[in-house]
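What follows is the content of structure.cif (mmCIF, C-alpha atoms and all ligand atoms).
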```
data_model
#
loop_
_atom_site.label_atom_id
_atom_site.label_comp_id
_atom_site.auth_asym_id
_atom_site.auth_seq_id
_atom_site.Cartn_x
_atom_site.Cartn_y
_atom_site.Cartn_z
CA SER A 1 -52.10 59.04 138.90
CA SER A 2 -48.99 59.87 140.89
CA SER A 3 -49.36 63.58 140.17
CA GLU A 4 -52.37 63.66 142.50
CA THR A 5 -50.13 63.00 145.48
CA LEU A 6 -47.52 65.62 144.50
CA PRO A 7 -47.73 69.31 145.32
CA THR A 8 -49.46 70.80 142.31
CA ASN A 9 -47.98 74.27 142.66
CA SER A 10 -44.44 73.04 143.17
CA PRO A 11 -42.11 72.41 140.24
CA SER A 12 -41.52 68.72 139.55
CA ALA A 13 -38.17 67.05 140.20
CA SER A 14 -37.54 66.63 136.48
CA ARG A 15 -38.24 70.29 135.86
CA LEU A 16 -35.91 71.29 138.70
CA ALA A 17 -33.00 69.06 137.69
CA PRO A 18 -31.57 71.39 135.01
CA VAL A 19 -32.01 74.39 137.33
CA LYS A 20 -29.95 72.64 140.01
CA GLU A 21 -27.28 71.82 137.43
CA ALA A 22 -27.16 75.48 136.36
CA ILE A 23 -26.75 76.57 140.00
CA LYS A 24 -23.88 74.11 140.48
CA ALA A 25 -22.23 75.42 137.33
CA LEU A 26 -22.21 79.03 138.51
CA LEU A 27 -20.75 78.40 141.97
CA ASN A 28 -17.17 78.50 140.74
CA GLN A 29 -16.34 82.24 140.49
CA PRO A 30 -12.55 82.61 140.37
CA ASP A 31 -12.67 86.42 140.50
CA TYR A 32 -15.15 86.74 143.36
CA ASP A 33 -14.17 86.64 147.06
CA ASP A 34 -12.74 83.21 147.91
CA GLY A 35 -13.59 81.83 144.47
CA SER A 36 -17.18 80.78 145.11
CA ALA A 37 -20.62 82.33 144.86
CA GLY A 38 -21.81 79.76 147.43
CA PRO A 39 -21.49 81.70 150.70
CA VAL A 40 -23.24 84.84 149.50
CA LEU A 41 -26.04 82.72 147.97
CA VAL A 42 -26.55 81.08 151.36
CA ARG A 43 -26.77 84.49 153.01
CA LEU A 44 -29.30 85.66 150.41
CA ALA A 45 -31.61 82.75 151.22
CA TRP A 46 -31.18 83.23 154.98
CA HIS A 47 -31.96 86.96 154.82
CA SER A 48 -34.95 86.32 152.56
CA ALA A 49 -36.43 84.01 155.23
CA GLY A 50 -35.08 85.52 158.46
CA THR A 51 -37.55 88.41 158.46
CA TYR A 52 -40.28 86.06 159.67
CA ASP A 53 -42.40 87.06 162.66
CA ALA A 54 -44.42 84.14 164.00
CA GLU A 55 -46.84 86.31 165.97
CA THR A 56 -48.06 88.34 162.99
CA ASN A 57 -47.18 85.65 160.44
CA THR A 58 -45.39 88.25 158.29
CA GLY A 59 -42.03 88.13 156.54
CA GLY A 60 -40.35 84.88 155.54
CA SER A 61 -39.15 83.30 152.32
CA ASN A 62 -42.23 83.99 150.19
CA GLY A 63 -42.27 87.03 147.93
CA ALA A 64 -38.58 87.70 147.16
CA GLY A 65 -39.07 91.22 148.49
CA MET A 66 -35.36 92.03 148.25
CA ARG A 67 -35.92 92.87 144.59
CA TYR A 68 -37.50 96.06 145.91
CA GLU A 69 -35.57 98.94 147.45
CA ALA A 70 -37.59 98.82 150.68
CA GLU A 71 -36.03 95.44 151.54
CA GLY A 72 -33.07 95.18 149.15
CA GLY A 73 -31.76 98.59 150.22
CA ASP A 74 -31.81 97.69 153.92
CA PRO A 75 -28.19 98.11 155.14
CA ALA A 76 -28.56 94.63 156.70
CA ASN A 77 -28.80 93.29 153.13
CA ALA A 78 -25.75 95.14 151.76
CA GLY A 79 -23.83 92.93 149.35
CA LEU A 80 -26.69 90.57 148.59
CA GLN A 81 -27.15 92.28 145.23
CA TYR A 82 -24.13 90.20 144.14
CA ALA A 83 -25.96 87.01 145.02
CA ARG A 84 -29.07 88.14 143.14
CA ALA A 85 -26.95 89.10 140.13
CA PHE A 86 -25.28 85.65 140.07
CA LEU A 87 -28.73 84.08 139.75
CA GLU A 88 -30.15 86.38 137.05
CA PRO A 89 -28.89 84.28 134.11
CA ILE A 90 -30.59 81.24 135.63
CA LYS A 91 -33.87 83.12 136.02
CA ALA A 92 -33.50 84.15 132.35
CA SER A 93 -32.95 80.53 131.26
CA PHE A 94 -35.79 79.17 133.42
CA PRO A 95 -38.32 82.02 133.59
CA TRP A 96 -41.00 79.72 135.08
CA ILE A 97 -39.22 79.46 138.43
CA THR A 98 -40.06 82.17 140.95
CA TYR A 99 -37.28 84.25 142.50
CA ALA A 100 -38.38 83.12 145.97
CA ASP A 101 -37.95 79.47 144.97
CA LEU A 102 -34.71 80.10 143.06
CA TRP A 103 -33.04 81.93 145.97
CA THR A 104 -33.88 79.23 148.50
CA LEU A 105 -33.04 76.37 146.11
CA ALA A 106 -29.67 77.98 145.28
CA ALA A 107 -28.66 77.93 148.97
CA ILE A 108 -29.58 74.26 149.35
CA VAL A 109 -27.62 73.30 146.23
CA ALA A 110 -24.64 75.46 147.27
CA ILE A 111 -24.43 74.00 150.79
CA ARG A 112 -24.41 70.46 149.40
CA GLU A 113 -21.82 71.34 146.74
CA MET A 114 -19.57 72.91 149.41
CA GLY A 115 -19.55 69.63 151.34
CA GLY A 116 -22.54 70.22 153.59
CA PRO A 117 -25.57 68.04 154.25
CA GLU A 118 -28.43 67.23 151.90
CA ILE A 119 -31.27 69.55 152.90
CA SER A 120 -34.88 68.90 152.01
CA TRP A 121 -36.55 71.64 149.99
CA GLN A 122 -40.06 72.22 148.75
CA GLY A 123 -41.01 74.67 146.01
CA GLY A 124 -44.15 76.64 145.41
CA ARG A 125 -43.16 80.09 146.69
CA THR A 126 -44.45 83.05 144.77
CA ASP A 127 -43.08 86.53 144.13
CA PHE A 128 -44.58 89.82 145.28
CA THR A 129 -45.68 91.96 142.36
CA ASP A 130 -45.09 95.20 144.30
CA ASP A 131 -43.43 96.28 147.56
CA SER A 132 -46.60 96.64 149.64
CA ARG A 133 -45.97 93.47 151.62
CA VAL A 134 -42.22 93.59 152.20
CA PRO A 135 -41.38 93.20 155.90
CA PRO A 136 -40.24 96.21 157.92
CA ARG A 137 -36.49 96.70 158.36
CA GLY A 138 -34.81 95.80 161.64
CA ARG A 139 -35.82 92.14 161.86
CA LEU A 140 -32.39 90.66 161.04
CA PRO A 141 -29.70 90.19 163.70
CA ASP A 142 -27.11 92.84 164.59
CA GLY A 143 -23.63 91.34 164.92
CA SER A 144 -22.52 93.80 167.56
CA LYS A 145 -25.06 92.51 170.12
CA GLY A 146 -25.20 89.69 172.68
CA ALA A 147 -27.20 86.60 173.76
CA ASP A 148 -30.39 88.52 174.67
CA HIS A 149 -30.53 89.97 171.18
CA LEU A 150 -30.03 86.53 169.58
CA ARG A 151 -32.98 85.17 171.58
CA TRP A 152 -35.15 88.19 170.79
CA ILE A 153 -34.52 87.81 167.06
CA PHE A 154 -34.62 84.01 166.70
CA TYR A 155 -37.41 83.22 169.19
CA ARG A 156 -39.51 85.65 167.12
CA MET A 157 -39.00 83.28 164.13
CA GLY A 158 -39.85 80.26 166.28
CA PHE A 159 -36.37 78.84 166.93
CA ASP A 160 -34.99 77.56 170.26
CA ASP A 161 -31.47 77.77 171.74
CA ARG A 162 -30.22 74.58 170.11
CA GLU A 163 -31.52 75.73 166.72
CA ILE A 164 -29.91 79.16 167.14
CA VAL A 165 -26.51 77.54 167.65
CA ALA A 166 -26.97 75.11 164.76
CA LEU A 167 -27.98 77.94 162.40
CA SER A 168 -24.97 79.98 163.49
CA GLY A 169 -22.76 77.20 162.13
CA ALA A 170 -23.40 78.72 158.70
CA HIS A 171 -20.52 81.02 159.59
CA ASN A 172 -18.26 78.19 158.48
CA LEU A 173 -18.92 79.83 155.14
CA GLY A 174 -17.90 83.13 153.64
CA ARG A 175 -16.62 86.30 155.15
CA CYS A 176 -17.37 89.78 156.41
CA HIS A 177 -16.69 92.71 154.09
CA SER A 178 -15.80 96.14 155.50
CA GLY A 179 -17.83 97.78 152.72
CA ARG A 180 -20.97 95.73 153.49
CA SER A 181 -21.43 95.05 157.21
CA GLY A 182 -18.39 96.99 158.38
CA PHE A 183 -16.90 93.84 159.94
CA GLU A 184 -13.83 92.32 158.35
CA GLY A 185 -12.52 88.82 157.65
CA LYS A 186 -13.48 85.16 157.59
CA TRP A 187 -14.41 82.81 160.42
CA VAL A 188 -12.45 79.79 159.16
CA ASN A 189 -9.46 79.24 156.91
CA ASN A 190 -11.38 77.43 154.20
CA PRO A 191 -14.58 79.48 153.91
CA THR A 192 -15.97 77.64 150.89
CA ARG A 193 -16.03 74.22 152.59
CA PHE A 194 -18.97 73.45 154.86
CA SER A 195 -17.91 71.80 158.14
CA ASN A 196 -18.03 72.20 161.92
CA THR A 197 -14.70 74.06 162.02
CA TYR A 198 -16.42 77.24 163.19
CA PHE A 199 -17.46 75.50 166.43
CA LYS A 200 -14.02 73.95 166.92
CA LEU A 201 -12.32 77.32 166.57
CA LEU A 202 -14.85 79.02 168.81
CA LYS A 203 -14.17 76.38 171.46
CA THR A 204 -10.39 76.11 171.27
CA HIS A 205 -8.89 79.43 170.20
CA GLU A 206 -8.16 82.46 172.29
CA TRP A 207 -10.19 85.30 170.78
CA LYS A 208 -9.07 88.87 171.35
CA LYS A 209 -11.26 91.92 171.08
CA LYS A 210 -10.28 94.33 168.32
CA LYS A 211 -11.72 97.76 167.65
CA LEU A 212 -11.91 98.53 163.92
CA GLU A 213 -11.29 101.98 162.46
CA ASN A 214 -15.02 102.42 161.87
CA GLY A 215 -15.60 101.96 165.61
CA LEU A 216 -17.06 98.43 165.41
CA GLU A 217 -15.68 95.77 167.71
CA GLN A 218 -15.02 92.20 166.64
CA PHE A 219 -12.84 89.36 167.88
CA ILE A 220 -9.75 88.05 166.15
CA TYR A 221 -7.35 85.15 166.40
CA VAL A 222 -3.78 85.60 165.25
CA ASP A 223 -1.39 82.64 165.10
CA GLU A 224 1.69 84.08 166.81
CA ASP A 225 3.94 81.43 165.26
CA LEU A 226 3.47 82.83 161.75
CA ASP A 227 5.52 85.65 160.27
CA PRO A 228 3.74 89.04 160.10
CA GLU A 229 2.70 88.74 156.45
CA GLU A 230 1.18 85.29 156.97
CA GLN A 231 -0.47 86.51 160.16
CA GLU A 232 -2.28 89.17 158.18
CA GLU A 233 -3.58 86.62 155.68
CA GLU A 234 -4.53 83.96 158.21
CA THR A 235 -6.24 86.17 160.77
CA LEU A 236 -9.65 84.76 161.66
CA MET A 237 -12.60 86.58 163.16
CA MET A 238 -15.72 86.21 165.27
CA LEU A 239 -18.58 88.65 165.66
CA PRO A 240 -19.74 89.66 169.14
CA THR A 241 -22.90 87.57 168.41
CA ASP A 242 -20.67 84.53 167.67
CA MET A 243 -18.84 85.04 170.97
CA ALA A 244 -22.21 85.29 172.75
CA LEU A 245 -22.69 81.58 171.96
CA LEU A 246 -19.75 80.83 174.27
CA GLU A 247 -20.75 83.17 177.05
CA ASP A 248 -24.29 81.85 177.52
CA PRO A 249 -24.34 78.36 179.15
CA SER A 250 -27.40 77.14 177.25
CA PHE A 251 -25.79 78.09 173.91
CA LYS A 252 -22.29 76.97 174.92
CA LYS A 253 -23.45 73.40 175.55
CA TRP A 254 -24.36 73.11 171.86
CA VAL A 255 -21.19 74.82 170.63
CA TYR A 256 -19.22 72.10 172.43
CA LYS A 257 -21.42 69.27 171.15
CA TYR A 258 -21.18 70.48 167.54
CA ALA A 259 -17.40 70.99 167.87
CA GLU A 260 -17.07 67.35 168.92
CA ASP A 261 -19.66 65.74 166.67
CA LYS A 262 -19.76 66.79 163.04
CA GLU A 263 -22.51 64.31 162.18
CA LEU A 264 -24.77 65.73 164.86
CA PHE A 265 -24.12 69.25 163.58
CA PHE A 266 -24.85 68.25 159.96
CA ARG A 267 -28.08 66.53 160.99
CA ASP A 268 -29.26 69.45 163.10
CA PHE A 269 -28.21 72.02 160.52
CA ALA A 270 -30.06 70.20 157.73
CA GLY A 271 -33.25 70.18 159.80
CA VAL A 272 -33.07 73.74 160.97
CA PHE A 273 -32.06 75.22 157.61
CA ALA A 274 -35.00 73.41 155.95
CA LYS A 275 -37.25 74.91 158.65
CA LEU A 276 -35.77 78.37 158.02
CA MET A 277 -36.52 78.10 154.28
CA GLU A 278 -40.18 77.27 155.08
CA LEU A 279 -40.78 80.32 157.31
CA GLY A 280 -43.84 82.23 156.16
CA ILE A 281 -44.98 79.46 153.81
CA GLN A 282 -48.35 77.86 154.49
CA ARG A 283 -49.02 74.54 152.80
CA ASP A 284 -52.12 72.40 152.63
CA ALA A 285 -52.10 68.66 153.26
CA GLN A 286 -50.77 68.02 149.74
CA GLY A 287 -47.89 70.44 150.19
CA ASP A 288 -49.48 73.13 148.05
CA VAL A 289 -48.59 76.66 149.10
CA ILE A 290 -51.86 78.28 150.06
CA ASN A 291 -50.65 81.82 150.70
CA GLN A 292 -49.88 82.44 147.04
CA GLU A 293 -48.88 86.01 146.24
CA ASN A 294 -49.73 85.98 142.55
CA VAL A 295 -51.21 82.93 140.95
CA GLU A 296 -50.19 83.99 137.44
CA ASP A 297 -46.67 83.01 138.45
CA GLY A 298 -47.75 79.69 139.90
CA TYR A 299 -46.55 76.36 138.58
CA ARG A 300 -49.87 74.78 137.67
CA SER A 301 -49.58 75.21 133.93
FE1 LIG B 1 -24.39 85.61 159.06
N1 LIG B 1 -23.30 87.31 158.81
N2 LIG B 1 -25.15 86.33 160.77
N3 LIG B 1 -25.58 83.98 159.19
N4 LIG B 1 -23.69 84.97 157.27
C1 LIG B 1 -22.43 87.59 157.80
C2 LIG B 1 -22.09 86.76 156.77
C3 LIG B 1 -22.67 85.53 156.55
C4 LIG B 1 -24.84 87.52 161.37
C5 LIG B 1 -24.08 88.53 160.81
C6 LIG B 1 -23.34 88.39 159.65
C7 LIG B 1 -26.45 83.72 160.21
C8 LIG B 1 -26.51 84.40 161.42
C9 LIG B 1 -25.93 85.62 161.65
C10 LIG B 1 -24.04 83.79 156.67
C11 LIG B 1 -25.05 82.94 157.04
C12 LIG B 1 -25.79 83.05 158.22
C13 LIG B 1 -21.90 88.91 158.00
C14 LIG B 1 -20.92 89.61 157.07
C15 LIG B 1 -22.45 89.41 159.14
C16 LIG B 1 -22.18 90.75 159.78
C17 LIG B 1 -21.66 90.30 155.91
C18 LIG B 1 -20.71 91.03 154.99
O1 LIG B 1 -20.01 91.92 155.47
O2 LIG B 1 -20.69 90.69 153.80
C19 LIG B 1 -25.43 87.58 162.69
C20 LIG B 1 -25.33 88.76 163.63
C21 LIG B 1 -26.08 86.39 162.87
C22 LIG B 1 -26.76 85.94 164.09
O3 LIG B 1 -27.09 86.80 164.97
C23 LIG B 1 -26.94 84.70 164.42
C24 LIG B 1 -27.28 82.60 159.88
C25 LIG B 1 -28.39 82.06 160.77
C26 LIG B 1 -26.88 82.17 158.62
C27 LIG B 1 -27.42 81.05 157.80
O4 LIG B 1 -27.17 80.94 156.65
C28 LIG B 1 -28.28 80.02 158.42
C29 LIG B 1 -23.16 83.57 155.54
C30 LIG B 1 -23.19 82.34 154.63
C31 LIG B 1 -22.30 84.66 155.46
C32 LIG B 1 -21.18 84.90 154.46
C33 LIG B 1 -21.65 85.81 153.34
C34 LIG B 1 -20.57 86.14 152.35
O5 LIG B 1 -20.80 87.05 151.54
O6 LIG B 1 -19.51 85.52 152.34
#
```
Translate the structure described by the file into structure tokens.
Amino acid sequence: SSSETLPTNSPSASRLAPVKEAIKALLNQPDYDDGSAGPVLVRLAWHSAGTYDAETNTGGSNGAGMRYEAEGGDPANAGLQYARAFLEPIKASFPWITYADLWTLAAIVAIREMGGPEISWQGGRTDFTDDSRVPPRGRLPDGSKGADHLRWIFYRMGFDDREIVALSGAHNLGRCHSGRSGFEGKWVNNPTRFSNTYFKLLKTHEWKKKKLENGLEQFIYVDEDLDPEEQEEETLMMLPTDMALLEDPSFKKWVYKYAEDKELFFRDFAGVFAKLMELGIQRDAQGDVINQENVEDGYRS
């Protein structure tokens, strides 16, 4: 039968369909940020996976460790409790799906709904039943750093320079919050629409360093032709790590290519985001996840 060729511990497409519909239905959040839960859901999935360390094969998107204080309370994850809260009603409606699958699936659905590429996704992740295996803090990138730091962090996960730049294009979405990261503002004017605008702006605008009251430095672009009130509203930002992509020649090459070729960016982003979501997941030849954390929560039944 056809079921023999499908991953047996992954939810079937027909089982997933109503979950995807429920995710789509919750994206519109008129009272939250720029009116969408999408960007913060994408960040939740990225931070759940971006703890991966290839050398020790620890961290990654299995486990949903952010439900525990040890990982969820990491200052690097400040604000992601909103993303988890958005998804709670879906977990309540579909209790069979694991948090680790739901968080990663939500990002894929959100990116597509916001105009981004179709990204392949495989289920079968399991949830930790305690906090003994959550990754240590300090594995996620620090926005105040430069190119060396980006390589240190992302090479550790197994990504190369081209993939680092493609992944960074996620900053087409969402914004920085002074009460979360300490940085402030959005990268693009329409932060709920996935595109390659981030690369275009990085390439063409003149970015000026600005020291915030909390001591952090970021870069801003102010359109001098606007009146002061509009300027305030339309000010765009870049993190020092975003600017590092321009300063390093091997990164800059890809910033320019993605600024000029949206299709290339979408293709590369789809591939690299799918790879990110698979970090820490070991599958057998059938696609079954073999490093299951708790089989009770598996999908075999
Ligand atoms: Fe990011 N990111 N990110 N980011 N990120 C922030 C917001 C968002 C860095 C720092 C920050 C990726 C890479 C990096 C998203 C997706 C991705 C914020 C603001 C900071 C700071 C948080 C806040 O104040 O609420 C740094 C540094 C890096 C890096 O070094 C490369 C990657 C790889 C992704 C991805 O998804 C593939 C998204 C989406 C947001 C917007 C969140 C929101 O609430 O809106």
Next on the checklist: Quick one: residues within 7 Å of Val165 in chain A, all atoms listed in the file, excluding same-chain residues fewer than 4 positions away - as a PyMOL selection string?
Outcome noted: chain A and resi 161+169+251+254-255
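Going from CA of Ser14 in chain A to CA of Leu105 in chain A covers 14.4 Å.
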Checklist entry - Within 7 Å of Phe273 in chain A, counting all atoms listed in the file, which residues qualify if same-chain residues fewer than 4 places away don't, as a list in words? => result Leu167, Phe269 and Met277 of chain A
Item to check | Within-6 Å residues of ligand LIG 1 (chain B), basis all atoms listed in the file, as a VMD selection string | outcome: chain A and resid 39 to 40 42 to 43 46 79 141 to 143 150 167 to 168 170 to 171 173 to 178 180 to 181 183 241
Next on the checklist: Between CA of Pro136 in chain A and CA of Ala92 in chain A, what is the distance in Å, rounded to a tenth?
Outcome noted: 29.1 Å
Show me a table, sorted first by chain and then by increasing residue number, of the residues of range 96-185 of chain A having an atom at most 6 Å from range 194-205 of chain A, each with its shortest atom pair and the distance in Å to one decimal, counting only C-alpha atoms and written as a tab-separated table.
```
residue	atom	partner	partner_atom	distance
A:Met114	CA	A:Phe194	CA	5.5
A:Gly115	CA	A:Phe194	CA	5.2
A:Gly116	CA	A:Phe194	CA	5.0
A:Asn172	CA	A:Tyr198	CA	5.1
```
Checklist entry - Skipping near chain neighbours, those fewer than 3 positions away, what residues fall within 10 Å of Glu217 in chain A using all atoms listed in the file, listed as a list of chain:residue names? => result A:Gly143, A:Ser144, A:Gly182, A:Phe183, A:Lys209, A:Lys210, A:Lys211, A:Leu212, A:Glu213, A:Asn214, A:Ile220, A:Met238, A:Leu239, A:Pro240
Those residues with C-alpha atoms, as a PDB file, in the coordinates of the input please?
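File produced: selection19.pdb:
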```pdb
ATOM      1  CA  GLY A 143     -23.630  91.340 164.920  1.00  0.00           C
ATOM      2  CA  SER A 144     -22.520  93.800 167.560  1.00  0.00           C
ATOM      3  CA  GLY A 182     -18.390  96.990 158.380  1.00  0.00           C
ATOM      4  CA  PHE A 183     -16.900  93.840 159.940  1.00  0.00           C
ATOM      5  CA  LYS A 209     -11.260  91.920 171.080  1.00  0.00           C
ATOM      6  CA  LYS A 210     -10.280  94.330 168.320  1.00  0.00           C
ATOM      7  CA  LYS A 211     -11.720  97.760 167.650  1.00  0.00           C
ATOM      8  CA  LEU A 212     -11.910  98.530 163.920  1.00  0.00           C
ATOM      9  CA  GLU A 213     -11.290 101.980 162.460  1.00  0.00           C
ATOM     10  CA  ASN A 214     -15.020 102.420 161.870  1.00  0.00           C
ATOM     11  CA  ILE A 220      -9.750  88.050 166.150  1.00  0.00           C
ATOM     12  CA  MET A 238     -15.720  86.210 165.270  1.00  0.00           C
ATOM     13  CA  LEU A 239     -18.580  88.650 165.660  1.00  0.00           C
ATOM     14  CA  PRO A 240     -19.740  89.660 169.140  1.00  0.00           C
TER      15      PRO A 240
END
```
Checklist entry - Using only C-alpha atoms, which of the listed residues (A:Asp288, A:Glu71, A:Asp148, A:Glu224) sits closest to Arg133 in chain A? => result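 The shortest atom-to-atom distance to Arg133 in chain A comes from A:Glu71.
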Checklist entry - Hey, can you check how far CA of Ala54 in chain A sits from CA of Gly280 in chain A? => result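 Here the two named atoms are 8.1 Å from each other.
Counting only C-alpha atoms and comparing A:Lys208, A:His149, A:Lys20, A:Arg84, the residue that lies closest to Leu41 in chain A is A:Arg84.
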Next on the checklist: I'd like to know which of A:Leu140, A:Ala76, A:Ala13, A:Leu216 is closest to Ile153 in chain A, using all atoms listed in the file.
Outcome noted: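 Looking at the shortest contact to Ile153 in chain A, the residue is A:Leu140.
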Next on the checklist: Which residues are close to Lys253 in chain A, i.e. within 10 Å by all atoms listed in the file, leaving aside same-chain residues fewer than 4 positions away? Reply as a VMD selection string.
Outcome noted: chain A and resid 161 to 162 165 245 to 246 248 to 249 257 to 258
Item to check | Counting only C-alpha atoms, the option among A:Phe266, A:Tyr68, A:Tyr52, A:Trp96 closest to Asn9 in chain A | outcome: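 Of all the options, A:Trp96 lies closest to Asn9 in chain A.
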Next on the checklist: Could you list, as a ChimeraX atom specification, every residue within 9 Å of Ala100 in chain A, counting all atoms listed in the file and ignoring same-chain residues fewer than 4 positions away?
Outcome noted: /A:45,48,61-65,104-105,123-127
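Among the candidates A:Lys186, A:Lys262, A:Lys252, A:Arg139, the one nearest to His47 in chain A when counting only C-alpha atoms is A:Arg139.
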